>>> print(open('model.pdb').read())   # PDB, C-alpha atoms
ATOM      1  CA  MET A 146     134.644  88.265 110.461
ATOM      2  CA  THR A 147     136.940  90.594 108.566
ATOM      3  CA  ILE A 148     137.022  94.331 109.054
ATOM      4  CA  GLN A 149     135.773  94.758 105.458
ATOM      5  CA  THR A 150     132.771  92.496 106.117
ATOM      6  CA  ARG A 151     131.894  94.411 109.262
ATOM      7  CA  ARG A 152     132.152  97.763 107.416
ATOM      8  CA  GLU A 153     129.925  96.497 104.614
ATOM      9  CA  ARG A 154     127.369  95.262 107.143
ATOM     10  CA  GLU A 155     127.449  98.610 108.995
ATOM     11  CA  ARG A 156     127.069 100.511 105.714
ATOM     12  CA  ALA A 157     124.080  98.384 104.719
ATOM     13  CA  GLU A 158     122.536  98.942 108.156
ATOM     14  CA  ARG A 159     122.968 102.736 107.833
ATOM     15  CA  GLU A 160     121.309 102.629 104.410
ATOM     16  CA  ARG A 161     118.366 100.682 105.834
ATOM     17  CA  LEU A 162     118.147 103.192 108.674
ATOM     18  CA  ILE A 163     118.108 106.136 106.252
ATOM     19  CA  VAL A 164     115.459 104.578 104.014
ATOM     20  CA  THR A 165     113.283 103.510 106.946
ATOM     21  CA  ALA A 166     113.479 106.994 108.473
ATOM     22  CA  ALA A 167     112.572 108.553 105.116
ATOM     23  CA  ARG A 168     109.563 106.255 104.715
ATOM     24  CA  GLU A 169     108.322 106.887 108.240
ATOM     25  CA  LEU A 170     108.768 110.636 107.982
ATOM     26  CA  ALA A 171     107.067 110.747 104.583
ATOM     27  CA  GLU A 172     104.098 108.713 105.836
ATOM     28  CA  ALA A 173     103.766 110.959 108.892
ATOM     29  CA  GLU A 174     104.324 114.353 107.270
ATOM     30  CA  GLY A 175     104.597 113.923 103.487
ATOM     31  CA  TRP A 176     107.605 113.934 101.171
ATOM     32  CA  ASP A 177     108.081 117.698 101.498
ATOM     33  CA  ALA A 178     109.132 117.100 105.107
ATOM     34  CA  VAL A 179     111.848 114.676 104.018
ATOM     35  CA  THR A 180     115.058 116.631 103.647
ATOM     36  CA  THR A 181     118.620 115.455 104.052
ATOM     37  CA  ARG A 182     119.012 117.767 107.024
ATOM     38  CA  ARG A 183     115.902 116.359 108.701
ATOM     39  CA  LEU A 184     116.891 112.786 107.939
ATOM     40  CA  ALA A 185     120.376 113.343 109.315
ATOM     41  CA  ALA A 186     118.843 114.629 112.540
ATOM     42  CA  GLU A 187     116.360 111.726 112.687
ATOM     43  CA  ILE A 188     119.021 109.045 112.341
ATOM     44  CA  GLU A 189     121.632 110.948 114.346
ATOM     45  CA  TYR A 190     124.271 111.010 111.626
ATOM     46  CA  SER A 191     125.736 114.002 109.814
ATOM     47  CA  GLN A 192     124.537 115.082 106.383
ATOM     48  CA  PRO A 193     127.890 114.059 104.828
ATOM     49  CA  VAL A 194     127.274 110.504 106.087
ATOM     50  CA  LEU A 195     123.853 110.588 104.411
ATOM     51  CA  TYR A 196     125.421 111.817 101.166
ATOM     52  CA  SER A 197     128.035 109.064 101.341
ATOM     53  CA  HIS A 198     125.121 106.630 100.877
ATOM     54  CA  PHE A 199     122.745 108.561  98.621
ATOM     55  CA  LYS A 200     123.127 111.494  96.203
ATOM     56  CA  GLY A 201     120.106 113.123  97.798
ATOM     57  CA  LYS A 202     116.418 112.799  98.491
ATOM     58  CA  ASP A 203     115.614 111.605  94.953
ATOM     59  CA  ALA A 204     117.987 108.656  95.299
ATOM     60  CA  ILE A 205     116.383 107.736  98.608
ATOM     61  CA  MET A 206     112.931 107.966  97.034
ATOM     62  CA  ALA A 207     114.061 105.622  94.256
ATOM     63  CA  VAL A 208     115.026 102.996  96.843
ATOM     64  CA  VAL A 209     111.708 103.549  98.600
ATOM     65  CA  ALA A 210     109.875 103.132  95.279
ATOM     66  CA  VAL A 211     111.602  99.813  94.612
ATOM     67  CA  GLN A 212     110.766  98.589  98.123
ATOM     68  CA  GLY A 213     107.185  99.751  97.663
ATOM     69  CA  CYS A 214     106.856  97.815  94.423
ATOM     70  CA  ALA A 215     108.101  94.703  96.208
ATOM     71  CA  ASP A 216     105.465  95.249  98.911
ATOM     72  CA  LEU A 217     102.775  95.872  96.296
ATOM     73  CA  ALA A 218     103.699  92.723  94.364
ATOM     74  CA  VAL A 219     103.255  90.637  97.526
ATOM     75  CA  GLU A 220      99.830  92.159  98.217
ATOM     76  CA  LEU A 221      98.660  91.782  94.604
ATOM     77  CA  ARG A 222      99.835  88.165  94.489
ATOM     78  CA  ALA A 223      97.991  87.378  97.715
ATOM     79  CA  ALA A 224      94.807  88.957  96.353
ATOM     80  CA  ARG A 225      95.107  87.235  92.970
ATOM     81  CA  THR A 226      95.700  83.782  94.396
ATOM     82  CA  ALA A 227      93.033  84.008  97.099
ATOM     83  CA  VAL A 228      90.133  83.753  94.643
ATOM     84  CA  THR A 229      89.159  81.761  91.583
ATOM     85  CA  GLY A 230      87.665  82.982  88.350
ATOM     86  CA  ALA A 231      89.089  85.563  85.951
ATOM     87  CA  ARG A 232      86.682  88.360  86.888
ATOM     88  CA  GLU A 233      87.080  87.693  90.615
ATOM     89  CA  ARG A 234      90.876  87.751  90.346
ATOM     90  CA  LEU A 235      90.831  90.992  88.389
ATOM     91  CA  ALA A 236      88.498  92.543  90.966
ATOM     92  CA  ALA A 237      90.597  91.295  93.901
ATOM     93  CA  VAL A 238      93.787  92.684  92.356
ATOM     94  CA  GLY A 239      92.069  95.983  91.592
ATOM     95  CA  GLU A 240      90.825  96.319  95.154
ATOM     96  CA  ALA A 241      94.215  95.342  96.604
ATOM     97  CA  TYR A 242      95.924  97.950  94.414
ATOM     98  CA  ALA A 243      93.486 100.675  95.441
ATOM     99  CA  ALA A 244      93.690  99.717  99.115
ATOM    100  CA  PHE A 245      97.498  99.847  98.969
ATOM    101  CA  GLY A 246      97.455 103.360  97.474
ATOM    102  CA  ARG A 247      94.957 104.633 100.026
ATOM    103  CA  ARG A 248      96.618 102.945 103.017
ATOM    104  CA  ARG A 249     100.204 103.946 102.167
ATOM    105  CA  PRO A 250      99.953 107.320 100.436
ATOM    106  CA  ALA A 251     103.558 108.491 100.761
ATOM    107  CA  LEU A 252     104.895 105.151  99.608
ATOM    108  CA  TYR A 253     102.474 105.179  96.681
ATOM    109  CA  ASP A 254     103.598 108.700  95.785
ATOM    110  CA  ALA A 255     107.261 107.648  95.746
ATOM    111  CA  MET A 256     106.360 104.734  93.507
ATOM    112  CA  PHE A 257     103.998 106.368  91.019
ATOM    113  CA  THR A 258     103.612 110.120  91.490
ATOM    114  CA  HIS A 259     107.005 111.700  92.192
ATOM    115  CA  ALA A 260     109.704 111.608  89.556
ATOM    116  CA  VAL A 261     112.323 109.033  90.485
ATOM    117  CA  ASP A 262     115.341 107.909  88.527
ATOM    118  CA  LEU A 263     114.147 104.406  87.748
ATOM    119  CA  PRO A 264     113.565 102.745  84.400
ATOM    120  CA  PHE A 265     109.902 101.744  84.160
ATOM    121  CA  ALA A 266     108.528  99.542  81.387
ATOM    122  CA  THR A 267     111.955  98.405  80.218
ATOM    123  CA  PRO A 268     113.955  95.217  80.661
ATOM    124  CA  GLN A 269     116.312  97.272  82.868
ATOM    125  CA  ALA A 270     113.569  97.968  85.408
ATOM    126  CA  PRO A 271     114.428  96.584  88.841
ATOM    127  CA  ALA A 272     112.899  93.170  89.538
ATOM    128  CA  PRO A 273     110.332  94.462  92.094
ATOM    129  CA  LEU A 274     108.889  96.863  89.482
ATOM    130  CA  GLN A 275     108.618  94.016  86.995
ATOM    131  CA  GLU A 276     107.069  91.748  89.623
ATOM    132  CA  ALA A 277     104.372  94.280  90.583
ATOM    133  CA  PHE A 278     103.495  94.836  86.917
ATOM    134  CA  GLY A 279     103.621  91.061  86.407
ATOM    135  CA  GLU A 280     100.976  90.571  89.077
ATOM    136  CA  LEU A 281      98.695  93.034  87.297
ATOM    137  CA  ARG A 282      99.438  91.268  84.015
ATOM    138  CA  GLN A 283      98.577  87.846  85.451
ATOM    139  CA  ALA A 284      95.223  89.194  86.583
ATOM    140  CA  VAL A 285      94.510  90.796  83.191
ATOM    141  CA  GLU A 286      95.728  87.983  80.931
ATOM    142  CA  PRO A 287      92.781  85.596  81.465
ATOM    143  CA  ILE A 288      90.276  88.244  80.383
ATOM    144  CA  ALA A 289      92.138  89.193  77.192
ATOM    145  CA  ALA A 290      90.562  88.485  73.843
ATOM    146  CA  PRO A 291      92.538  86.699  71.139
ATOM    147  CA  GLY A 292      94.880  89.180  69.501
ATOM    148  CA  ASP A 293      94.886  91.635  72.419
ATOM    149  CA  ASP A 294      98.245  93.118  73.336
ATOM    150  CA  ILE A 295      98.453  91.910  76.955
ATOM    151  CA  GLY A 296     101.047  94.543  77.845
ATOM    152  CA  LEU A 297      98.908  97.427  76.580
ATOM    153  CA  LEU A 298      95.776  95.964  78.137
ATOM    154  CA  THR A 299      97.586  95.679  81.484
ATOM    155  CA  GLU A 300      98.916  99.232  81.208
ATOM    156  CA  THR A 301      95.385 100.472  80.526
ATOM    157  CA  PHE A 302      93.989  98.593  83.531
ATOM    158  CA  TRP A 303      96.818  99.971  85.699
ATOM    159  CA  ALA A 304      96.150 103.499  84.407
ATOM    160  CA  GLY A 305      92.481 103.139  85.346
ATOM    161  CA  LEU A 306      93.370 101.955  88.845
ATOM    162  CA  HIS A 307      95.965 104.694  89.263
ATOM    163  CA  GLY A 308      93.464 107.322  88.171
ATOM    164  CA  LEU A 309      90.865 106.099  90.652
ATOM    165  CA  VAL A 310      93.379 106.031  93.506
ATOM    166  CA  THR A 311      94.846 109.431  92.675
ATOM    167  CA  LEU A 312      91.495 111.175  92.229
ATOM    168  CA  MET A 313      90.047 109.627  95.377
ATOM    169  CA  ARG A 314      93.094 110.474  97.501
ATOM    170  CA  SER A 315      93.003 114.076  96.318
ATOM    171  CA  GLY A 316      89.318 114.382  97.225
ATOM    172  CA  ARG A 317      88.234 114.823  93.623
ATOM    173  CA  LEU A 318      86.236 111.598  93.760
ATOM    174  CA  PRO A 319      84.216 110.787  96.882
ATOM    175  CA  GLU A 320      85.333 107.736  98.833
ATOM    176  CA  ASP A 321      81.811 106.340  99.089
ATOM    177  CA  GLY A 322      81.606 105.596  95.345
ATOM    178  CA  HIS A 323      84.861 103.644  95.187
ATOM    179  CA  ALA A 324      83.415 100.125  95.131
ATOM    180  CA  GLN A 325      80.966 101.058  92.389
ATOM    181  CA  ARG A 326      83.655 102.756  90.255
ATOM    182  CA  LEU A 327      85.953  99.754  90.656
ATOM    183  CA  SER A 328      83.094  97.442  89.677
ATOM    184  CA  LEU A 329      82.480  99.528  86.543
ATOM    185  CA  LEU A 330      86.151  99.363  85.607
ATOM    186  CA  ILE A 331      86.260  95.593  86.112
ATOM    187  CA  GLY A 332      82.982  95.218  84.207
ATOM    188  CA  HIS A 333      84.331  97.028  81.165
ATOM    189  CA  PHE A 334      87.489  94.943  81.187
ATOM    190  CA  THR A 335      85.600  91.653  81.458
ATOM    191  CA  ALA A 336      82.703  92.473  79.106
ATOM    192  CA  GLY A 337      82.889  90.615  75.904
TER     193      GLY A 337
END
>>> encode(input="model.pdb", output="C-alpha coordinates")
Amino acid sequence: MTIQTRRERERAERERLIVTAARELAEAEGWDAVTTRRLAAEIEYSQPVLYSHFKGKDAIMAVVAVQGCADLAVELRAARTAVTGARERLAAVGEAYAAFGRRRPALYDAMFTHAVDLPFATPQAPAPLQEAFGELRQAVEPIAAPGDDIGLLTETFWAGLHGLVTLMRSGRLPEDGHAQRLSLLIGHFTAG
(Lines of atoms letter the chains of each structure in order from A and count residues from 1; the text may use other names and numbers.)
(Lines give C-alpha, C1' and ligand atoms only; values in the text may rest on other atoms or scores of the structure.)
Protein backbone atom coordinates (compact mmCIF):
# COMPACT_ATOMS: atom_id res chain seq x y z
CA MET A 1 0.00 0.00 0.00
CA THR A 2 1.36 3.40 -0.94
CA ILE A 3 1.44 6.36 1.39
CA GLN A 4 -1.03 8.16 -0.92
CA THR A 5 -3.49 5.25 -0.73
CA ARG A 6 -3.27 5.18 3.05
CA ARG A 7 -3.84 8.96 3.26
CA GLU A 8 -6.86 8.73 0.97
CA ARG A 9 -8.29 5.90 3.07
CA GLU A 10 -7.70 7.88 6.30
CA ARG A 11 -9.31 10.97 4.77
CA ALA A 12 -12.36 8.97 3.70
CA GLU A 13 -12.60 7.46 7.18
CA ARG A 14 -12.48 10.93 8.80
CA GLU A 15 -15.25 12.11 6.46
CA ARG A 16 -17.39 9.11 7.41
CA LEU A 17 -16.70 9.84 11.07
CA ILE A 18 -17.73 13.49 10.69
CA VAL A 19 -20.93 12.64 8.82
CA THR A 20 -21.87 9.85 11.23
CA ALA A 21 -21.29 12.12 14.23
CA ALA A 22 -23.41 14.84 12.61
CA ARG A 23 -26.26 12.41 11.93
CA GLU A 24 -26.18 10.98 15.44
CA LEU A 25 -26.02 14.39 17.08
CA ALA A 26 -28.83 15.73 14.89
CA GLU A 27 -31.06 12.74 15.67
CA ALA A 28 -30.38 13.11 19.39
CA GLU A 29 -30.59 16.89 19.72
CA GLY A 30 -31.67 18.40 16.38
CA TRP A 31 -29.69 20.19 13.68
CA ASP A 32 -29.30 23.33 15.79
CA ALA A 33 -27.00 21.34 18.07
CA VAL A 34 -24.75 20.41 15.16
CA THR A 35 -21.98 22.96 14.98
CA THR A 36 -18.46 22.57 13.68
CA ARG A 37 -17.13 23.20 17.17
CA ARG A 38 -19.37 20.51 18.65
CA LEU A 39 -18.56 18.06 15.88
CA ALA A 40 -14.84 18.65 16.30
CA ALA A 41 -15.18 17.86 19.99
CA GLU A 42 -17.31 14.77 19.29
CA ILE A 43 -14.83 13.25 16.85
CA GLU A 44 -11.76 14.50 18.72
CA TYR A 45 -10.28 16.44 15.83
CA SER A 46 -9.69 20.17 15.53
CA GLN A 47 -12.09 22.46 13.68
CA PRO A 48 -9.47 23.09 10.95
CA VAL A 49 -9.43 19.33 10.27
CA LEU A 50 -13.23 19.44 9.93
CA TYR A 51 -12.98 22.38 7.53
CA SER A 52 -10.36 20.54 5.49
CA HIS A 53 -13.13 18.05 4.66
CA PHE A 54 -16.24 20.23 4.53
CA LYS A 55 -16.88 23.97 4.03
CA GLY A 56 -19.20 23.91 7.02
CA LYS A 57 -22.38 22.48 8.44
CA ASP A 58 -24.34 22.97 5.20
CA ALA A 59 -21.87 20.84 3.26
CA ILE A 60 -22.14 18.11 5.89
CA MET A 61 -25.94 18.29 5.72
CA ALA A 62 -25.77 17.88 1.94
CA VAL A 63 -23.83 14.63 2.36
CA VAL A 64 -26.32 13.51 5.00
CA ALA A 65 -29.20 14.34 2.63
CA VAL A 66 -27.68 12.22 -0.14
CA GLN A 67 -27.15 9.32 2.27
CA GLY A 68 -30.70 9.72 3.53
CA CYS A 69 -32.08 9.55 0.00
CA ALA A 70 -30.14 6.34 -0.56
CA ASP A 71 -31.66 4.92 2.64
CA LEU A 72 -35.13 6.10 1.63
CA ALA A 73 -34.82 4.55 -1.83
CA VAL A 74 -34.01 1.17 -0.27
CA GLU A 75 -37.03 1.36 2.05
CA LEU A 76 -39.39 2.51 -0.71
CA ARG A 77 -38.18 -0.25 -3.04
CA ALA A 78 -38.71 -2.87 -0.34
CA ALA A 79 -42.24 -1.59 0.29
CA ARG A 80 -43.09 -1.37 -3.41
CA THR A 81 -41.87 -4.85 -4.25
CA ALA A 82 -43.40 -6.55 -1.21
CA VAL A 83 -46.97 -6.24 -2.50
CA THR A 84 -48.89 -6.69 -5.72
CA GLY A 85 -51.49 -4.44 -7.25
CA ALA A 86 -51.14 -0.78 -8.22
CA ARG A 87 -53.17 0.61 -5.32
CA GLU A 88 -51.44 -1.65 -2.79
CA ARG A 89 -48.00 -0.62 -4.05
CA LEU A 90 -48.88 3.05 -3.91
CA ALA A 91 -50.21 2.62 -0.36
CA ALA A 92 -47.15 0.62 0.74
CA VAL A 93 -44.78 3.26 -0.67
CA GLY A 94 -46.81 6.04 0.94
CA GLU A 95 -46.71 4.34 4.33
CA ALA A 96 -42.98 3.58 4.02
CA TYR A 97 -42.29 7.23 3.15
CA ALA A 98 -44.32 8.50 6.10
CA ALA A 99 -42.77 5.98 8.48
CA PHE A 100 -39.28 7.01 7.36
CA GLY A 101 -40.01 10.70 8.02
CA ARG A 102 -41.48 10.00 11.44
CA ARG A 103 -38.79 7.51 12.48
CA ARG A 104 -35.79 9.57 11.32
CA PRO A 105 -36.80 13.21 11.77
CA ALA A 106 -33.37 14.85 11.63
CA LEU A 107 -32.39 12.87 8.57
CA TYR A 108 -35.69 13.75 6.92
CA ASP A 109 -35.12 17.42 7.74
CA ALA A 110 -31.67 17.36 6.12
CA MET A 111 -33.18 15.76 3.04
CA PHE A 112 -36.35 17.81 2.57
CA THR A 113 -36.71 20.68 5.03
CA HIS A 114 -33.36 22.45 5.47
CA ALA A 115 -31.78 24.23 2.54
CA VAL A 116 -28.89 22.19 1.20
CA ASP A 117 -26.73 22.85 -1.82
CA LEU A 118 -27.96 19.97 -3.95
CA PRO A 119 -29.63 20.03 -7.34
CA PHE A 120 -33.09 18.48 -7.03
CA ALA A 121 -35.26 17.63 -10.02
CA THR A 122 -32.43 17.99 -12.53
CA PRO A 123 -30.27 15.51 -14.41
CA GLN A 124 -27.37 16.73 -12.23
CA ALA A 125 -29.05 15.50 -9.05
CA PRO A 126 -26.96 12.87 -7.26
CA ALA A 127 -27.99 9.30 -8.07
CA PRO A 128 -29.52 8.60 -4.61
CA LEU A 129 -31.91 11.56 -5.04
CA GLN A 130 -32.93 10.27 -8.46
CA GLU A 131 -33.33 6.74 -7.10
CA ALA A 132 -35.61 7.83 -4.24
CA PHE A 133 -37.77 9.86 -6.64
CA GLY A 134 -37.66 6.92 -9.07
CA GLU A 135 -39.16 4.64 -6.44
CA LEU A 136 -42.03 7.07 -5.93
CA ARG A 137 -42.43 7.31 -9.70
CA GLN A 138 -42.57 3.52 -10.10
CA ALA A 139 -45.35 3.37 -7.54
CA VAL A 140 -47.30 6.20 -9.22
CA GLU A 141 -46.85 5.16 -12.85
CA PRO A 142 -49.30 2.22 -12.85
CA ILE A 143 -52.14 4.42 -11.62
CA ALA A 144 -51.59 7.17 -14.20
CA ALA A 145 -54.22 7.82 -16.82
CA PRO A 146 -53.27 8.03 -20.48
CA GLY A 147 -51.78 11.45 -21.16
CA ASP A 148 -50.84 12.14 -17.52
CA ASP A 149 -47.45 13.71 -16.96
CA ILE A 150 -45.90 11.01 -14.75
CA GLY A 151 -43.28 13.40 -13.38
CA LEU A 152 -45.86 15.97 -12.28
CA LEU A 153 -48.16 13.28 -10.91
CA THR A 154 -45.26 11.85 -8.89
CA GLU A 155 -44.28 15.30 -7.62
CA THR A 156 -47.87 15.88 -6.51
CA PHE A 157 -48.01 12.54 -4.70
CA TRP A 158 -44.66 13.31 -3.03
CA ALA A 159 -45.91 16.77 -2.02
CA GLY A 160 -48.98 15.20 -0.42
CA LEU A 161 -46.84 12.72 1.51
CA HIS A 162 -44.40 15.42 2.55
CA GLY A 163 -47.24 17.62 3.76
CA LEU A 164 -48.72 14.81 5.85
CA VAL A 165 -45.35 13.95 7.39
CA THR A 166 -44.43 17.57 8.10
CA LEU A 167 -47.79 18.51 9.60
CA MET A 168 -47.95 15.37 11.72
CA ARG A 169 -44.39 15.75 13.01
CA SER A 170 -45.06 19.36 13.98
CA GLY A 171 -48.18 18.36 15.91
CA ARG A 172 -50.50 20.21 13.56
CA LEU A 173 -52.17 16.96 12.54
CA PRO A 174 -52.90 14.33 15.19
CA GLU A 175 -51.03 11.05 14.83
CA ASP A 176 -54.16 8.96 15.30
CA GLY A 177 -55.66 10.07 11.96
CA HIS A 178 -52.59 9.22 9.89
CA ALA A 179 -53.80 5.93 8.40
CA GLN A 180 -57.11 7.48 7.38
CA ARG A 181 -55.44 10.55 5.80
CA LEU A 182 -53.02 8.32 3.90
CA SER A 183 -55.93 6.18 2.70
CA LEU A 184 -57.72 9.32 1.46
CA LEU A 185 -54.62 10.45 -0.41
CA ILE A 186 -54.17 7.03 -2.02
CA GLY A 187 -57.89 6.89 -2.82
CA HIS A 188 -57.80 10.18 -4.69
CA PHE A 189 -54.75 9.10 -6.66
CA THR A 190 -56.27 5.76 -7.64
CA ALA A 191 -59.85 6.93 -8.28
CA GLY A 192 -60.74 6.92 -11.88
>>> closest_residue(input="model.pdb", among="A:Cys214, A:Gln283, A:Phe257, A:Phe334", to="Arg234 (chain A)", atoms="all atoms listed in the file")
A:Gln283
>>> closest_residue(input="model.pdb", among="A:Val209, A:Ala243, A:Ala204, A:Ala215", to="Leu312 (chain A)", atoms="all atoms listed in the file")
A:Ala243
>>> resolve_selection(input="model.pdb", expression="the PyMOL selection byres ((chain A and resi 219) around 12)", output="list in words")
Gln212, Gly213, Cys214, Ala215, Asp216, Leu217, Ala218, Glu220, Leu221, Arg222, Ala223, Ala224, Arg225, Thr226, Val238, Ala241, Tyr242, Phe245, Pro273, Leu274, Glu276, Ala277, Phe278, Gly279, Glu280 and Leu281 of chain A
>>> closest_residue(input="model.pdb", among="A:Glu300, A:Glu286, A:Asp294, A:Glu153", to="His198 (chain A)", atoms="only C-alpha atoms")
A:Glu153
>>> resolve_selection(input="model.pdb", expression="the PyMOL selection byres ((chain A and resi 157-161) around 10)", output="JSON, numbers by chain")
{"A": [151, 152, 153, 154, 155, 156, 162, 163, 164, 165, 166, 167, 188, 190, 194, 195, 197, 198, 199, 205, 208]}
>>> atom_distance(input="model.pdb", atom1="CA of Ala227 (chain A)", atom2="CA of Pro268 (chain A)")
28.9 Å
>>> residues_around(input="model.pdb", residues="Ala251 (chain A)", least_positions_apart="5", cutoff="8 Å", atoms="only C-alpha atoms", output="number ranges by chain")
A: 168, 171-172, 175-176
>>> write_last_selection(input="model.pdb", atoms="C-alpha atoms", output="JSON list (two decimals), keeping the file's coordinate frame")
[["chain", "number", "residue", "atom", "x", "y", "z"],
["A", 168, "ARG", "CA", 109.56, 106.26, 104.72],
["A", 171, "ALA", "CA", 107.07, 110.75, 104.58],
["A", 172, "GLU", "CA", 104.10, 108.71, 105.84],
["A", 175, "GLY", "CA", 104.60, 113.92, 103.49],
["A", 176, "TRP", "CA", 107.60, 113.93, 101.17]]
>>> closest_residue(input="model.pdb", among="A:Pro271, A:Pro193, A:Pro291, A:Gly246", to="Gly308 (chain A)", atoms="only C-alpha atoms")
A:Gly246
>>> atom_distance(input="model.pdb", atom1="CA of Arg248 (chain A)", atom2="CA of Ala272 (chain A)")
23.3 Å
>>> residues_near_point(input="model.pdb", point="(94.8, 113.3, 95.2)", cutoff="12 Å", atoms="all atoms listed in the file", output="list of chain:residue names")
A:Gly246, A:Arg247, A:Pro250, A:Ala251, A:Tyr253, A:Asp254, A:Thr258, A:His307, A:Gly308, A:Leu309, A:Val310, A:Thr311, A:Leu312, A:Met313, A:Arg314, A:Ser315, A:Gly316, A:Arg317, A:Leu318, A:Pro319, A:Glu320
>>> closest_residue(input="model.pdb", among="A:His333, A:Leu263, A:Gln275, A:Ala178", to="Leu298 (chain A)", atoms="only C-alpha atoms")
A:His333
>>> closest_residue(input="model.pdb", among="A:Ile295, A:Ala237, A:Ala255, A:Ala270", to="Ile331 (chain A)", atoms="all atoms listed in the file")
A:Ala237
>>> resolve_selection(input="model.pdb", expression="the PyMOL selection byres ((chain A and resi 330) around 12)", output="number ranges by chain")
A: 232, 235-236, 239-240, 301-309, 323-329, 331-336
>>> decode(input="model.pdb", residues="region 265-282 of chain A", atoms="N, CA and C atoms", output="PDB file, in the first residue's frame")
ATOM      1  N   PHE A 265     -31.943  19.384  -7.013  1.00  0.00           N
ATOM      2  CA  PHE A 265     -33.087  18.479  -7.028  1.00  0.00           C
ATOM      3  C   PHE A 265     -33.775  18.639  -8.375  1.00  0.00           C
ATOM      4  N   ALA A 266     -34.431  17.594  -8.818  1.00  0.00           N
ATOM      5  CA  ALA A 266     -35.261  17.626 -10.023  1.00  0.00           C
ATOM      6  C   ALA A 266     -34.498  18.087 -11.260  1.00  0.00           C
ATOM      7  N   THR A 267     -33.242  17.699 -11.347  1.00  0.00           N
ATOM      8  CA  THR A 267     -32.432  17.986 -12.527  1.00  0.00           C
ATOM      9  C   THR A 267     -31.613  16.744 -12.854  1.00  0.00           C
ATOM     10  N   PRO A 268     -31.139  16.648 -14.077  1.00  0.00           N
ATOM     11  CA  PRO A 268     -30.265  15.514 -14.412  1.00  0.00           C
ATOM     12  C   PRO A 268     -28.963  15.503 -13.601  1.00  0.00           C
ATOM     13  N   GLN A 269     -28.588  16.644 -13.029  1.00  0.00           N
ATOM     14  CA  GLN A 269     -27.370  16.733 -12.226  1.00  0.00           C
ATOM     15  C   GLN A 269     -27.571  16.274 -10.778  1.00  0.00           C
ATOM     16  N   ALA A 270     -28.784  15.957 -10.411  1.00  0.00           N
ATOM     17  CA  ALA A 270     -29.052  15.496  -9.047  1.00  0.00           C
ATOM     18  C   ALA A 270     -28.257  14.226  -8.781  1.00  0.00           C
ATOM     19  N   PRO A 271     -27.691  14.102  -7.586  1.00  0.00           N
ATOM     20  CA  PRO A 271     -26.960  12.871  -7.264  1.00  0.00           C
ATOM     21  C   PRO A 271     -27.857  11.635  -7.427  1.00  0.00           C
ATOM     22  N   ALA A 272     -27.239  10.535  -7.792  1.00  0.00           N
ATOM     23  CA  ALA A 272     -27.985   9.296  -8.068  1.00  0.00           C
ATOM     24  C   ALA A 272     -28.944   8.904  -6.949  1.00  0.00           C
ATOM     25  N   PRO A 273     -28.559   8.991  -5.655  1.00  0.00           N
ATOM     26  CA  PRO A 273     -29.523   8.598  -4.613  1.00  0.00           C
ATOM     27  C   PRO A 273     -30.802   9.444  -4.608  1.00  0.00           C
ATOM     28  N   LEU A 274     -30.714  10.724  -4.955  1.00  0.00           N
ATOM     29  CA  LEU A 274     -31.911  11.562  -5.039  1.00  0.00           C
ATOM     30  C   LEU A 274     -32.792  11.077  -6.177  1.00  0.00           C
ATOM     31  N   GLN A 275     -32.170  10.772  -7.307  1.00  0.00           N
ATOM     32  CA  GLN A 275     -32.925  10.272  -8.455  1.00  0.00           C
ATOM     33  C   GLN A 275     -33.540   8.908  -8.161  1.00  0.00           C
ATOM     34  N   GLU A 276     -32.817   8.074  -7.435  1.00  0.00           N
ATOM     35  CA  GLU A 276     -33.329   6.743  -7.102  1.00  0.00           C
ATOM     36  C   GLU A 276     -34.534   6.819  -6.164  1.00  0.00           C
ATOM     37  N   ALA A 277     -34.477   7.685  -5.161  1.00  0.00           N
ATOM     38  CA  ALA A 277     -35.614   7.830  -4.239  1.00  0.00           C
ATOM     39  C   ALA A 277     -36.838   8.330  -4.994  1.00  0.00           C
ATOM     40  N   PHE A 278     -36.649   9.352  -5.841  1.00  0.00           N
ATOM     41  CA  PHE A 278     -37.768   9.859  -6.640  1.00  0.00           C
ATOM     42  C   PHE A 278     -38.244   8.771  -7.605  1.00  0.00           C
ATOM     43  N   GLY A 279     -37.307   8.006  -8.151  1.00  0.00           N
ATOM     44  CA  GLY A 279     -37.665   6.924  -9.069  1.00  0.00           C
ATOM     45  C   GLY A 279     -38.537   5.867  -8.419  1.00  0.00           C
ATOM     46  N   GLU A 280     -38.298   5.603  -7.146  1.00  0.00           N
ATOM     47  CA  GLU A 280     -39.155   4.639  -6.438  1.00  0.00           C
ATOM     48  C   GLU A 280     -40.575   5.177  -6.287  1.00  0.00           C
ATOM     49  N   LEU A 281     -40.697   6.462  -5.979  1.00  0.00           N
ATOM     50  CA  LEU A 281     -42.030   7.072  -5.927  1.00  0.00           C
ATOM     51  C   LEU A 281     -42.688   6.989  -7.311  1.00  0.00           C
ATOM     52  N   ARG A 282     -41.917   7.318  -8.325  1.00  0.00           N
ATOM     53  CA  ARG A 282     -42.432   7.307  -9.700  1.00  0.00           C
ATOM     54  C   ARG A 282     -42.922   5.911 -10.105  1.00  0.00           C
TER      55      ARG A 282
END
